[in-house]
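This is start29.cif (mmCIF, C-alpha atoms, pLDDT in the B column; chains and numbers go by the auth columns).
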data_final
#
loop_
_atom_site.group_PDB
_atom_site.id
_atom_site.type_symbol
_atom_site.label_atom_id
_atom_site.label_comp_id
_atom_site.label_asym_id
_atom_site.label_seq_id
_atom_site.Cartn_x
_atom_site.Cartn_y
_atom_site.Cartn_z
_atom_site.B_iso_or_equiv
_atom_site.auth_seq_id
_atom_site.auth_asym_id
ATOM 1 C CA MET A 1 0.000 0.000 0.000 76.00 713 A
ATOM 2 C CA ALA A 2 1.505 3.334 -1.039 88.00 714 A
ATOM 3 C CA GLU A 3 1.787 6.145 1.483 93.00 715 A
ATOM 4 C CA CYS A 4 2.636 9.822 1.209 95.00 716 A
ATOM 5 C CA LEU A 5 6.287 10.649 1.723 95.00 717 A
ATOM 6 C CA SER A 6 6.875 12.227 5.142 95.00 718 A
ATOM 7 C CA LYS A 7 9.494 14.870 5.978 95.00 719 A
ATOM 8 C CA ALA A 8 11.422 12.265 7.962 95.00 720 A
ATOM 9 C CA LYS A 9 11.538 9.868 5.008 96.00 721 A
ATOM 10 C CA LEU A 10 12.435 12.716 2.657 95.00 722 A
ATOM 11 C CA SER A 11 15.446 13.519 4.839 95.00 723 A
ATOM 12 C CA ASP A 12 16.315 9.829 5.166 95.00 724 A
ATOM 13 C CA PHE A 13 16.396 9.232 1.418 96.00 725 A
ATOM 14 C CA SER A 14 17.937 12.538 0.308 94.00 726 A
ATOM 15 C CA ARG A 15 21.088 12.018 2.348 94.00 727 A
ATOM 16 C CA LEU A 16 21.887 8.949 0.244 95.00 728 A
ATOM 17 C CA ASN A 17 23.156 11.354 -2.407 90.00 729 A
ATOM 18 C CA ARG A 18 26.277 11.631 -0.261 91.00 730 A
ATOM 19 C CA LYS A 19 28.813 8.851 -0.520 91.00 731 A
ATOM 20 C CA LYS A 20 29.533 8.681 3.206 93.00 732 A
ATOM 21 C CA HIS A 21 25.877 7.937 3.963 93.00 733 A
ATOM 22 C CA ARG A 22 25.660 5.365 1.175 95.00 734 A
ATOM 23 C CA ASN A 23 28.687 3.621 2.619 92.00 735 A
ATOM 24 C CA THR A 24 27.568 3.663 6.248 94.00 736 A
ATOM 25 C CA GLU A 25 23.955 2.701 5.529 95.00 737 A
ATOM 26 C CA ASN A 26 24.652 0.248 2.679 95.00 738 A
ATOM 27 C CA ARG A 27 21.901 1.790 0.554 96.00 739 A
ATOM 28 C CA TYR A 28 21.906 3.794 -2.659 96.00 740 A
ATOM 29 C CA LEU A 29 19.515 5.513 -5.071 97.00 741 A
ATOM 30 C CA ILE A 30 18.601 4.905 -8.693 96.00 742 A
ATOM 31 C CA GLU A 31 16.673 7.486 -10.733 96.00 743 A
ATOM 32 C CA GLY A 32 14.396 6.957 -13.694 95.00 744 A
ATOM 33 C CA TRP A 33 11.947 4.393 -15.016 96.00 745 A
ATOM 34 C CA HIS A 34 14.529 2.738 -17.260 95.00 746 A
ATOM 35 C CA LEU A 35 16.986 2.080 -14.434 96.00 747 A
ATOM 36 C CA LEU A 36 14.205 0.835 -12.187 97.00 748 A
ATOM 37 C CA GLY A 37 13.027 -1.476 -14.948 96.00 749 A
ATOM 38 C CA GLU A 38 16.532 -2.856 -15.462 96.00 750 A
ATOM 39 C CA CYS A 39 16.861 -3.376 -11.720 95.00 751 A
ATOM 40 C CA LEU A 40 13.613 -5.366 -11.614 96.00 752 A
ATOM 41 C CA GLU A 41 14.608 -7.309 -14.728 93.00 753 A
ATOM 42 C CA ALA A 42 17.710 -8.415 -12.824 92.00 754 A
ATOM 43 C CA LYS A 43 15.425 -9.766 -10.055 91.00 755 A
ATOM 44 C CA ALA A 44 16.552 -7.187 -7.510 89.00 756 A
ATOM 45 C CA ARG A 45 14.091 -6.227 -4.773 91.00 757 A
ATOM 46 C CA PRO A 46 14.080 -2.491 -4.011 96.00 758 A
ATOM 47 C CA LEU A 47 13.924 -1.445 -0.391 97.00 759 A
ATOM 48 C CA ALA A 48 11.650 1.402 -1.458 97.00 760 A
ATOM 49 C CA VAL A 49 10.233 3.072 -4.562 97.00 761 A
ATOM 50 C CA ILE A 50 9.211 6.734 -4.527 97.00 762 A
ATOM 51 C CA TYR A 51 7.205 8.141 -7.431 96.00 763 A
ATOM 52 C CA ASP A 52 5.213 11.198 -8.445 96.00 764 A
ATOM 53 C CA PRO A 53 1.603 10.072 -9.054 95.00 765 A
ATOM 54 C CA SER A 54 0.764 13.276 -10.953 93.00 766 A
ATOM 55 C CA ARG A 55 2.984 12.277 -13.889 92.00 767 A
ATOM 56 C CA SER A 56 1.578 10.777 -17.072 91.00 768 A
ATOM 57 C CA LEU A 57 3.293 7.448 -17.721 93.00 769 A
ATOM 58 C CA SER A 58 3.973 5.512 -20.898 95.00 770 A
ATOM 59 C CA VAL A 59 2.704 1.963 -21.254 96.00 771 A
ATOM 60 C CA GLU A 60 6.192 0.665 -20.439 96.00 772 A
ATOM 61 C CA ASP A 61 6.529 2.879 -17.362 95.00 773 A
ATOM 62 C CA GLU A 62 3.132 1.665 -16.150 95.00 774 A
ATOM 63 C CA ARG A 63 4.387 -1.902 -16.496 97.00 775 A
ATOM 64 C CA VAL A 64 7.494 -1.071 -14.475 96.00 776 A
ATOM 65 C CA LEU A 65 5.381 0.603 -11.796 96.00 777 A
ATOM 66 C CA ARG A 66 3.160 -2.461 -11.449 95.00 778 A
ATOM 67 C CA ALA A 67 6.205 -4.694 -11.134 96.00 779 A
ATOM 68 C CA ALA A 68 7.754 -2.318 -8.568 95.00 780 A
ATOM 69 C CA LYS A 69 4.601 -2.363 -6.458 94.00 781 A
ATOM 70 C CA ASP A 70 4.744 -6.163 -6.408 94.00 782 A
ATOM 71 C CA ARG A 71 8.449 -6.317 -5.579 93.00 783 A
ATOM 72 C CA ALA A 72 9.403 -3.300 -3.447 95.00 784 A
ATOM 73 C CA GLU A 73 9.229 -3.428 0.328 95.00 785 A
ATOM 74 C CA GLU A 74 7.843 0.121 0.568 96.00 786 A
ATOM 75 C CA ILE A 75 6.071 2.449 -1.895 97.00 787 A
ATOM 76 C CA TYR A 76 5.855 6.226 -1.383 97.00 788 A
ATOM 77 C CA LEU A 77 3.960 8.963 -3.205 97.00 789 A
ATOM 78 C CA ALA A 78 5.885 12.236 -3.581 96.00 790 A
ATOM 79 C CA SER A 79 5.460 15.663 -5.147 95.00 791 A
ATOM 80 C CA ASP A 80 7.757 16.983 -7.871 94.00 792 A
ATOM 81 C CA ASP A 81 9.508 19.213 -5.300 94.00 793 A
ATOM 82 C CA GLN A 82 10.126 16.211 -3.064 95.00 794 A
ATOM 83 C CA MET A 83 11.435 14.150 -5.980 94.00 795 A
ATOM 84 C CA ARG A 84 13.892 16.900 -6.909 93.00 796 A
ATOM 85 C CA ALA A 85 14.986 17.189 -3.262 94.00 797 A
ATOM 86 C CA ILE A 86 15.879 13.504 -3.198 95.00 798 A
ATOM 87 C CA GLY A 87 17.346 13.079 -6.671 91.00 799 A
ATOM 88 C CA GLU A 88 20.487 14.434 -8.303 89.00 800 A
ATOM 89 C CA THR A 89 19.070 15.381 -11.698 85.00 801 A
ATOM 90 C CA VAL A 90 17.822 18.914 -12.378 81.00 802 A
ATOM 91 C CA THR A 91 14.625 17.613 -13.979 84.00 803 A
ATOM 92 C CA SER A 92 13.117 14.776 -11.980 86.00 804 A
ATOM 93 C CA ALA A 93 12.464 11.543 -13.846 87.00 805 A
ATOM 94 C CA GLY A 94 9.438 10.968 -11.646 94.00 806 A
ATOM 95 C CA VAL A 95 10.642 7.841 -9.873 97.00 807 A
ATOM 96 C CA ILE A 96 13.481 6.902 -7.514 97.00 808 A
ATOM 97 C CA GLY A 97 14.387 3.485 -6.163 97.00 809 A
ATOM 98 C CA VAL A 98 16.268 2.733 -2.956 97.00 810 A
ATOM 99 C CA LEU A 99 18.433 -0.384 -3.187 97.00 811 A
ATOM 100 C CA ALA A 100 20.574 -2.333 -0.755 96.00 812 A
ATOM 101 C CA SER A 101 24.278 -2.261 -1.565 94.00 813 A
ATOM 102 C CA LYS A 102 25.749 -5.517 -2.811 90.00 814 A
ATOM 103 C CA GLU A 103 29.490 -6.091 -2.765 90.00 815 A
ATOM 104 C CA GLU A 104 30.816 -8.595 -5.272 92.00 816 A
ATOM 105 C CA ASP A 105 32.299 -11.678 -3.576 94.00 817 A
ATOM 106 C CA TRP A 106 35.813 -11.759 -5.007 94.00 818 A
ATOM 107 C CA GLU A 107 36.512 -15.412 -4.189 94.00 819 A
ATOM 108 C CA LEU A 108 33.307 -16.565 -5.894 95.00 820 A
ATOM 109 C CA LEU A 109 33.967 -14.302 -8.877 96.00 821 A
ATOM 110 C CA THR A 110 37.547 -15.525 -9.375 95.00 822 A
ATOM 111 C CA GLU A 111 36.402 -19.126 -9.088 95.00 823 A
ATOM 112 C CA LYS A 112 33.766 -18.512 -11.755 95.00 824 A
ATOM 113 C CA LEU A 113 36.196 -16.697 -14.048 96.00 825 A
ATOM 114 C CA SER A 114 38.846 -19.399 -13.645 94.00 826 A
ATOM 115 C CA ARG A 115 36.412 -21.942 -15.119 94.00 827 A
ATOM 116 C CA ILE A 116 35.536 -20.063 -18.303 94.00 828 A
ATOM 117 C CA GLU A 117 37.269 -21.148 -21.503 94.00 829 A
ATOM 118 C CA SER A 118 36.894 -17.845 -23.321 95.00 830 A
ATOM 119 C CA GLY A 119 35.963 -14.318 -22.280 96.00 831 A
ATOM 120 C CA CYS A 120 37.098 -10.777 -21.613 97.00 832 A
ATOM 121 C CA VAL A 121 37.362 -9.115 -18.217 98.00 833 A
ATOM 122 C CA LEU A 122 37.600 -5.324 -18.324 97.00 834 A
ATOM 123 C CA ALA A 123 39.665 -3.510 -15.675 97.00 835 A
ATOM 124 C CA LEU A 124 39.593 0.264 -15.167 97.00 836 A
ATOM 125 C CA ASP A 125 42.619 1.948 -13.634 96.00 837 A
ATOM 126 C CA ASP A 126 41.907 5.461 -12.317 93.00 838 A
ATOM 127 C CA VAL A 127 39.111 6.167 -14.812 95.00 839 A
ATOM 128 C CA SER A 128 37.884 8.962 -12.576 94.00 840 A
ATOM 129 C CA ASP A 129 35.077 10.501 -14.648 95.00 841 A
ATOM 130 C CA PRO A 130 31.739 8.932 -13.577 95.00 842 A
ATOM 131 C CA GLY A 131 30.196 9.435 -17.012 96.00 843 A
ATOM 132 C CA ASN A 132 33.050 7.614 -18.730 95.00 844 A
ATOM 133 C CA CYS A 133 33.039 4.900 -16.105 97.00 845 A
ATOM 134 C CA GLY A 134 29.307 4.310 -16.513 97.00 846 A
ATOM 135 C CA THR A 135 29.544 4.341 -20.305 97.00 847 A
ATOM 136 C CA ILE A 136 32.288 1.715 -20.172 97.00 848 A
ATOM 137 C CA ILE A 137 30.047 -0.460 -17.994 97.00 849 A
ATOM 138 C CA ARG A 138 27.295 0.017 -20.594 97.00 850 A
ATOM 139 C CA SER A 139 29.676 -1.110 -23.352 97.00 851 A
ATOM 140 C CA GLY A 140 30.871 -4.033 -21.260 97.00 852 A
ATOM 141 C CA ASP A 141 27.276 -5.146 -20.865 97.00 853 A
ATOM 142 C CA TRP A 142 26.568 -4.712 -24.607 97.00 854 A
ATOM 143 C CA PHE A 143 29.604 -6.693 -25.766 97.00 855 A
ATOM 144 C CA GLY A 144 29.277 -9.382 -23.117 96.00 856 A
ATOM 145 C CA SER A 145 32.246 -8.798 -20.813 97.00 857 A
ATOM 146 C CA ALA A 146 32.660 -11.526 -18.223 97.00 858 A
ATOM 147 C CA ALA A 147 33.196 -8.944 -15.451 98.00 859 A
ATOM 148 C CA ILE A 148 34.388 -5.403 -14.789 98.00 860 A
ATOM 149 C CA LEU A 149 36.962 -4.403 -12.186 98.00 861 A
ATOM 150 C CA LEU A 150 36.976 -0.839 -10.844 97.00 862 A
ATOM 151 C CA GLY A 151 40.446 -0.001 -9.604 95.00 863 A
ATOM 152 C CA GLU A 152 41.873 2.799 -7.521 92.00 864 A
ATOM 153 C CA GLY A 153 40.648 6.245 -8.553 93.00 865 A
ATOM 154 C CA CYS A 154 37.416 4.994 -10.130 95.00 866 A
ATOM 155 C CA PRO A 155 34.054 6.148 -8.763 95.00 867 A
ATOM 156 C CA SER A 156 31.826 3.637 -7.012 94.00 868 A
ATOM 157 C CA LYS A 157 29.372 1.665 -9.113 95.00 869 A
ATOM 158 C CA GLU A 158 26.677 3.202 -6.860 95.00 870 A
ATOM 159 C CA ASN A 159 27.585 6.760 -7.898 95.00 871 A
ATOM 160 C CA GLY A 160 24.509 8.395 -9.459 94.00 872 A
ATOM 161 C CA LYS A 161 26.263 9.481 -12.671 95.00 873 A
ATOM 162 C CA VAL A 162 27.818 6.031 -13.097 97.00 874 A
ATOM 163 C CA LEU A 163 24.415 4.393 -12.679 96.00 875 A
ATOM 164 C CA ARG A 164 22.686 6.656 -15.181 95.00 876 A
ATOM 165 C CA ALA A 165 25.465 6.418 -17.773 96.00 877 A
ATOM 166 C CA SER A 166 25.508 2.621 -17.461 96.00 878 A
ATOM 167 C CA MET A 167 21.856 2.489 -18.600 95.00 879 A
ATOM 168 C CA GLY A 168 21.292 -0.477 -16.308 95.00 880 A
ATOM 169 C CA GLY A 169 24.506 -2.318 -17.169 95.00 881 A
ATOM 170 C CA VAL A 170 25.436 -2.337 -13.478 96.00 882 A
ATOM 171 C CA PHE A 171 22.653 -4.863 -12.891 95.00 883 A
ATOM 172 C CA HIS A 172 23.654 -7.314 -15.618 95.00 884 A
ATOM 173 C CA LEU A 173 27.288 -8.263 -15.078 95.00 885 A
ATOM 174 C CA PRO A 174 29.654 -8.677 -12.118 96.00 886 A
ATOM 175 C CA ILE A 175 31.350 -5.427 -11.090 97.00 887 A
ATOM 176 C CA ALA A 176 34.031 -5.643 -8.426 96.00 888 A
ATOM 177 C CA GLU A 177 35.562 -2.603 -6.737 95.00 889 A
ATOM 178 C CA CYS A 178 39.279 -3.343 -6.393 94.00 890 A
ATOM 179 C CA PRO A 179 41.427 -0.805 -4.514 89.00 891 A
ATOM 180 C CA SER A 180 44.428 -3.151 -4.941 92.00 892 A
ATOM 181 C CA LEU A 181 43.977 -3.698 -8.649 95.00 893 A
ATOM 182 C CA GLU A 182 47.493 -5.056 -9.203 95.00 894 A
ATOM 183 C CA ASN A 183 46.840 -7.968 -6.830 96.00 895 A
ATOM 184 C CA ARG A 184 43.544 -8.797 -8.516 96.00 896 A
ATOM 185 C CA LEU A 185 45.157 -8.724 -11.949 97.00 897 A
ATOM 186 C CA LEU A 186 47.891 -11.088 -10.762 97.00 898 A
ATOM 187 C CA GLU A 187 45.299 -13.519 -9.413 96.00 899 A
ATOM 188 C CA LEU A 188 43.455 -13.605 -12.713 97.00 900 A
ATOM 189 C CA GLN A 189 46.718 -13.845 -14.637 97.00 901 A
ATOM 190 C CA ALA A 190 47.582 -16.919 -12.569 96.00 902 A
ATOM 191 C CA SER A 191 44.263 -18.488 -13.583 95.00 903 A
ATOM 192 C CA GLY A 192 45.042 -18.169 -17.287 95.00 904 A
ATOM 193 C CA PHE A 193 44.066 -14.621 -18.231 97.00 905 A
ATOM 194 C CA ARG A 194 46.473 -12.597 -20.330 97.00 906 A
ATOM 195 C CA ILE A 195 46.744 -8.923 -19.346 97.00 907 A
ATOM 196 C CA ILE A 196 46.309 -6.527 -22.276 96.00 908 A
ATOM 197 C CA VAL A 197 46.907 -2.841 -21.562 94.00 909 A
ATOM 198 C CA ALA A 198 45.462 -0.119 -23.773 89.00 910 A
ATOM 199 C CA SER A 199 48.421 2.155 -24.447 85.00 911 A
ATOM 200 C CA LEU A 200 49.788 4.845 -26.759 76.00 912 A
ATOM 201 C CA ASP A 201 53.289 3.437 -26.309 75.00 913 A
ATOM 202 C CA ALA A 202 55.235 3.065 -29.551 68.00 914 A
ATOM 203 C CA ARG A 203 55.818 -0.604 -28.668 80.00 915 A
ATOM 204 C CA ALA A 204 52.070 -1.360 -28.595 78.00 916 A
ATOM 205 C CA ALA A 205 50.538 -3.667 -31.192 78.00 917 A
ATOM 206 C CA GLU A 206 47.989 -2.053 -33.504 84.00 918 A
ATOM 207 C CA LEU A 207 44.452 -3.279 -33.135 84.00 919 A
ATOM 208 C CA GLY A 208 44.140 -4.653 -36.659 84.00 920 A
ATOM 209 C CA ASP A 209 47.136 -6.942 -36.169 83.00 921 A
ATOM 210 C CA PHE A 210 46.264 -8.184 -32.681 90.00 922 A
ATOM 211 C CA ALA A 211 45.275 -11.773 -31.880 93.00 923 A
ATOM 212 C CA TRP A 212 43.125 -11.727 -28.752 95.00 924 A
ATOM 213 C CA PRO A 213 43.849 -14.485 -26.225 96.00 925 A
ATOM 214 C CA GLU A 214 40.941 -16.770 -25.345 96.00 926 A
ATOM 215 C CA LYS A 215 41.010 -15.376 -21.808 97.00 927 A
ATOM 216 C CA SER A 216 41.668 -11.646 -22.122 97.00 928 A
ATOM 217 C CA LEU A 217 41.986 -9.114 -19.310 98.00 929 A
ATOM 218 C CA LEU A 218 41.781 -5.654 -20.880 98.00 930 A
ATOM 219 C CA VAL A 219 43.045 -2.723 -18.785 97.00 931 A
ATOM 220 C CA VAL A 220 41.965 0.838 -19.640 96.00 932 A
ATOM 221 C CA GLY A 221 43.617 3.711 -17.794 91.00 933 A
ATOM 222 C CA ASN A 222 43.223 7.380 -17.000 87.00 934 A
ATOM 223 C CA GLU A 223 42.765 9.561 -20.091 78.00 935 A
ATOM 224 C CA ALA A 224 45.511 12.014 -19.176 76.00 936 A
ATOM 225 C CA ARG A 225 48.043 9.713 -17.492 84.00 937 A
ATOM 226 C CA GLY A 226 47.255 6.293 -18.928 83.00 938 A
ATOM 227 C CA VAL A 227 47.732 3.107 -16.957 89.00 939 A
ATOM 228 C CA ARG A 228 49.996 3.318 -13.915 91.00 940 A
ATOM 229 C CA PRO A 229 53.573 1.954 -14.305 91.00 941 A
ATOM 230 C CA SER A 230 52.966 -0.744 -11.677 93.00 942 A
ATOM 231 C CA ILE A 231 50.212 -2.196 -13.876 92.00 943 A
ATOM 232 C CA LEU A 232 52.132 -1.704 -17.122 92.00 944 A
ATOM 233 C CA GLU A 233 54.791 -3.998 -15.671 92.00 945 A
ATOM 234 C CA LEU A 234 52.231 -6.810 -15.448 95.00 946 A
ATOM 235 C CA ALA A 235 51.113 -6.569 -19.076 95.00 947 A
ATOM 236 C CA ASP A 236 51.432 -9.523 -21.414 95.00 948 A
ATOM 237 C CA SER A 237 50.601 -7.228 -24.351 93.00 949 A
ATOM 238 C CA LEU A 238 50.246 -3.521 -25.094 93.00 950 A
ATOM 239 C CA LEU A 239 47.523 -2.568 -27.552 91.00 951 A
ATOM 240 C CA THR A 240 46.718 0.668 -29.348 86.00 952 A
ATOM 241 C CA ILE A 241 43.941 1.906 -31.631 86.00 953 A
ATOM 242 C CA PRO A 242 45.458 3.284 -34.848 85.00 954 A
ATOM 243 C CA LYS A 243 44.782 6.925 -35.688 82.00 955 A
ATOM 244 C CA PHE A 244 43.613 7.911 -39.180 86.00 956 A
ATOM 245 C CA GLY A 245 42.370 11.459 -38.668 86.00 957 A
ATOM 246 C CA ARG A 246 43.557 14.555 -36.839 77.00 958 A
ATOM 247 C CA GLY A 247 41.889 14.041 -33.442 74.00 959 A
ATOM 248 C CA GLU A 248 44.184 14.277 -30.456 72.00 960 A
ATOM 249 C CA SER A 249 42.809 11.220 -28.671 75.00 961 A
ATOM 250 C CA LEU A 250 39.794 9.081 -27.820 84.00 962 A
ATOM 251 C CA ASN A 251 38.315 9.343 -24.369 89.00 963 A
ATOM 252 C CA ALA A 252 38.422 6.267 -22.139 92.00 964 A
ATOM 253 C CA ALA A 253 34.839 5.224 -22.870 94.00 965 A
ATOM 254 C CA MET A 254 35.265 5.491 -26.648 93.00 966 A
ATOM 255 C CA ALA A 255 38.540 3.577 -26.561 92.00 967 A
ATOM 256 C CA ALA A 256 37.102 0.812 -24.395 95.00 968 A
ATOM 257 C CA SER A 257 34.109 0.439 -26.728 96.00 969 A
ATOM 258 C CA VAL A 258 36.313 0.159 -29.829 94.00 970 A
ATOM 259 C CA LEU A 259 38.542 -2.418 -28.144 95.00 971 A
ATOM 260 C CA LEU A 260 35.629 -4.486 -26.857 96.00 972 A
ATOM 261 C CA ALA A 261 33.982 -4.485 -30.284 95.00 973 A
ATOM 262 C CA ASN A 262 37.209 -5.709 -31.857 93.00 974 A
ATOM 263 C CA TRP A 263 37.544 -8.431 -29.212 95.00 975 A
ATOM 264 C CA ARG A 264 33.965 -9.592 -29.785 92.00 976 A
ATOM 265 C CA ILE A 265 34.237 -9.857 -33.597 87.00 977 A
ATOM 266 C CA ARG A 266 37.793 -11.263 -33.679 76.00 978 A
#

In structure tokens, how does this file's structure come out?
Amino acid sequence: MAECLSKAKLSDFSRLNRKKHRNTENRYLIEGWHLLGECLEAKARPLAVIYDPSRSLSVEDERVLRAAKDRAEEIYLASDDQMRAIGETVTSAGVIGVLASKEEDWELLTEKLSRIESGCVLALDDVSDPGNCGTIIRSGDWFGSAAILLGEGCPSKENGKVLRASMGGVFHLPIAECPSLENRLLELQASGFRIIVASLDARAAELGDFAWPEKSLLVVGNEARGVRPSILELADSLLTIPKFGRGESLNAAMAASVLLANWRIR
């Protein structure tokens, strides 16, 4: 049964826009009917769903709302002002979900990855822009990455901009936050993955000439500084995208998408 959003609940939910509260309370927000739909498609159960009943909804949004009412623990009705007070976007999407945080179990993930015969794990090293990070997750989901590792300097997968840019990709593949990325890469390397670092180094193989290993671990680094030297030292191969025009560079999300597409159609 839906109830009107109280001032206390408004305060409770709005503080989840701050990382420290998300971390201490193990809850986070998602905004928009599409993200909520992707969440429900992944069989997640929201702790709460808040929506503006004055909005006109599409047929698809109505379907998502019905599913949310069946699945969510709590349903709240809110005004547009209340929705904007809770959410991060300037123009409210009309619905916000509250989800419980879920940390990826690294031991279970490595065991699963060690058993696959072919696949690509994508690792991000200090990709600090949330929009780029989320877009890379979206590409990883599209091209069927086995998992994504978020290393030091990357935003959390529960960051609002990451979530929105991922277009729901965060709900469809394993995403592990790895402050000690080098150690995680070594573990996967020991289980048969070959580490491939995206690089502008003159020694790097050009994409058209590259033979992808059956178990590939692709590392994409910071746009300005590239991959850190400590990770470069672990690389089995360096790989670059050849330049044909006059552009200075590709951003991290564009580069990752090109590389993943090439891996998939190899």

Report the residues retrieved by the PyMOL selection byres ((chain A and resi 741) around 8) from the displayed file, expressed as number ranges by chain.
-> A: 728-729, 739-740, 742-743, 808-811, 870, 872

Between CA of Gly856 (chain A) and CA of Ile977 (chain A), measure the distance and give it in Å to one decimal.
-> 11.6 Å

CA of Val931 (chain A) and CA of Lys731 (chain A) are how many Å apart?
->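 Taking CA of Val931 (chain A) and CA of Lys731 (chain A), their separation equals 25.9 Å.
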
Can you translate the PyMOL selection byres ((chain A and resi 863) around 9) into the concrete residues it hits in this file, as a PDB file with C-alpha atoms, keeping the file's coordinate frame?
ATOM      1  CA  ALA A 835      39.665  -3.510 -15.675  1.00 97.00           C
ATOM      2  CA  LEU A 836      39.593   0.264 -15.167  1.00 97.00           C
ATOM      3  CA  ASP A 837      42.619   1.948 -13.634  1.00 96.00           C
ATOM      4  CA  ASP A 838      41.907   5.461 -12.317  1.00 93.00           C
ATOM      5  CA  VAL A 839      39.111   6.167 -14.812  1.00 95.00           C
ATOM      6  CA  LEU A 861      36.962  -4.403 -12.186  1.00 98.00           C
ATOM      7  CA  LEU A 862      36.976  -0.839 -10.844  1.00 97.00           C
ATOM      8  CA  GLU A 864      41.873   2.799  -7.521  1.00 92.00           C
ATOM      9  CA  GLY A 865      40.648   6.245  -8.553  1.00 93.00           C
ATOM     10  CA  CYS A 866      37.416   4.994 -10.130  1.00 95.00           C
ATOM     11  CA  PRO A 867      34.054   6.148  -8.763  1.00 95.00           C
ATOM     12  CA  ALA A 888      34.031  -5.643  -8.426  1.00 96.00           C
ATOM     13  CA  GLU A 889      35.562  -2.603  -6.737  1.00 95.00           C
ATOM     14  CA  CYS A 890      39.279  -3.343  -6.393  1.00 94.00           C
ATOM     15  CA  PRO A 891      41.427  -0.805  -4.514  1.00 89.00           C
ATOM     16  CA  SER A 892      44.428  -3.151  -4.941  1.00 92.00           C
ATOM     17  CA  LEU A 893      43.977  -3.698  -8.649  1.00 95.00           C
ATOM     18  CA  GLU A 894      47.493  -5.056  -9.203  1.00 95.00           C
TER      19      GLU A 894
END

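From CA of Ala877 (chain A) back to CA of Ile953 (chain A), the distance works out to 23.5 Å.
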
Could you check which of A:Ala756, A:Ala917, A:Ala910, A:Leu748 is closest to Ala968 (chain A), using only C-alpha atoms?
->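 Smallest distance to Ala968 (chain A) is found for A:Ala910.
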
Write out as a list in words each polymer residue whose atoms come within 8 Å of Arg978 (chain A), counting all atoms listed in the file; drop sequence neighbours fewer than 3 positions from it.
->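 So the residues in contact are Ala923, Trp924, Asn974 and Trp975 of chain A.
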
Which residue, A:Val833, A:Val882, A:Ala812, A:Leu821, has the smallest gap to Glu926 (chain A) when you use only C-alpha atoms?
->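 Once distances to Glu926 (chain A) are computed over only C-alpha atoms, the minimum belongs to A:Val833.
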
Which protein, DNA or RNA residues have an atom at most 10 Å from (36.9, 7.9, -23.3), counting all atoms listed in the file? List them as JSON, numbers by chain.
-> {"A": [839, 841, 843, 844, 845, 847, 848, 932, 933, 934, 935, 961, 962, 963, 964, 965, 966, 967, 968, 969]}

Write out the residues from the selection above, keeping C-alpha atoms, as a PDB file, in the frame of the given file.
ATOM      1  CA  VAL A 839      39.111   6.167 -14.812  1.00 95.00           C
ATOM      2  CA  ASP A 841      35.077  10.501 -14.648  1.00 95.00           C
ATOM      3  CA  GLY A 843      30.196   9.435 -17.012  1.00 96.00           C
ATOM      4  CA  ASN A 844      33.050   7.614 -18.730  1.00 95.00           C
ATOM      5  CA  CYS A 845      33.039   4.900 -16.105  1.00 97.00           C
ATOM      6  CA  THR A 847      29.544   4.341 -20.305  1.00 97.00           C
ATOM      7  CA  ILE A 848      32.288   1.715 -20.172  1.00 97.00           C
ATOM      8  CA  VAL A 932      41.965   0.838 -19.640  1.00 96.00           C
ATOM      9  CA  GLY A 933      43.617   3.711 -17.794  1.00 91.00           C
ATOM     10  CA  ASN A 934      43.223   7.380 -17.000  1.00 87.00           C
ATOM     11  CA  GLU A 935      42.765   9.561 -20.091  1.00 78.00           C
ATOM     12  CA  SER A 961      42.809  11.220 -28.671  1.00 75.00           C
ATOM     13  CA  LEU A 962      39.794   9.081 -27.820  1.00 84.00           C
ATOM     14  CA  ASN A 963      38.315   9.343 -24.369  1.00 89.00           C
ATOM     15  CA  ALA A 964      38.422   6.267 -22.139  1.00 92.00           C
ATOM     16  CA  ALA A 965      34.839   5.224 -22.870  1.00 94.00           C
ATOM     17  CA  MET A 966      35.265   5.491 -26.648  1.00 93.00           C
ATOM     18  CA  ALA A 967      38.540   3.577 -26.561  1.00 92.00           C
ATOM     19  CA  ALA A 968      37.102   0.812 -24.395  1.00 95.00           C
ATOM     20  CA  SER A 969      34.109   0.439 -26.728  1.00 96.00           C
TER      21      SER A 969
END

Let me have the centre and edge lengths of the axis-aligned box enclosing all listed atoms of region 868-880 of chain A with 4 Å padding on every side, in Å to one decimal, as JSON.
{"center_x": 26.6, "center_y": 4.5, "center_z": -12.7, "size_x": 18.5, "size_y": 18.0, "size_z": 19.7}

Step by step, work through what the PyMOL selection byres ((chain A and resi 904) around 12) selects in the shown file, and finish by giving those residues as a ChimeraX atom specification.
-> /A:822-823,825-833,897-903,905-907,925-929,948

Residue contacts of Ser766 (chain A) (10 Å, only C-alpha atoms) excluding same-chain residues fewer than 6 positions away, as a VMD selection string | chain A and resid 789 to 792 806

Which residues come within 7 Å of Thr952 (chain A), counting all atoms listed in the file, excluding same-chain residues fewer than 4 positions away, as a ChimeraX atom specification?
-> /A:910-912,916-919

May I have the residues within 9 Å of Leu747 (chain A) as a ChimeraX atom specification, using all atoms listed in the file and disregarding those fewer than 2 positions away in the same chain?
-> /A:742-745,749-752,809,875-876,879-880

Can you tell me, as an MDAnalysis selection string, what residues are no more than 12 Å from Lys721 (chain A) when counting only C-alpha atoms, ignoring any on the same chain fewer than 6 positions away?
-> chainID A and resid 715 727:728 760:762 786:790 794:795 797:798 810

Rank nothing, just name the residue among A:Lys869, A:Ile943, A:Arg796, A:Ala780 nearest to Asn895 (chain A), using all atoms listed in the file.
->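 Distance minimum relative to Asn895 (chain A) lands on A:Ile943.
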
Between A:Ile908, A:Ala714, A:Leu950, A:Val802, which one has atoms that come closest to Leu930 (chain A), using only C-alpha atoms?
->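 Nearest candidate to Leu930 (chain A) out of A:Ile908, A:Ala714, A:Leu950, A:Val802: A:Ile908.
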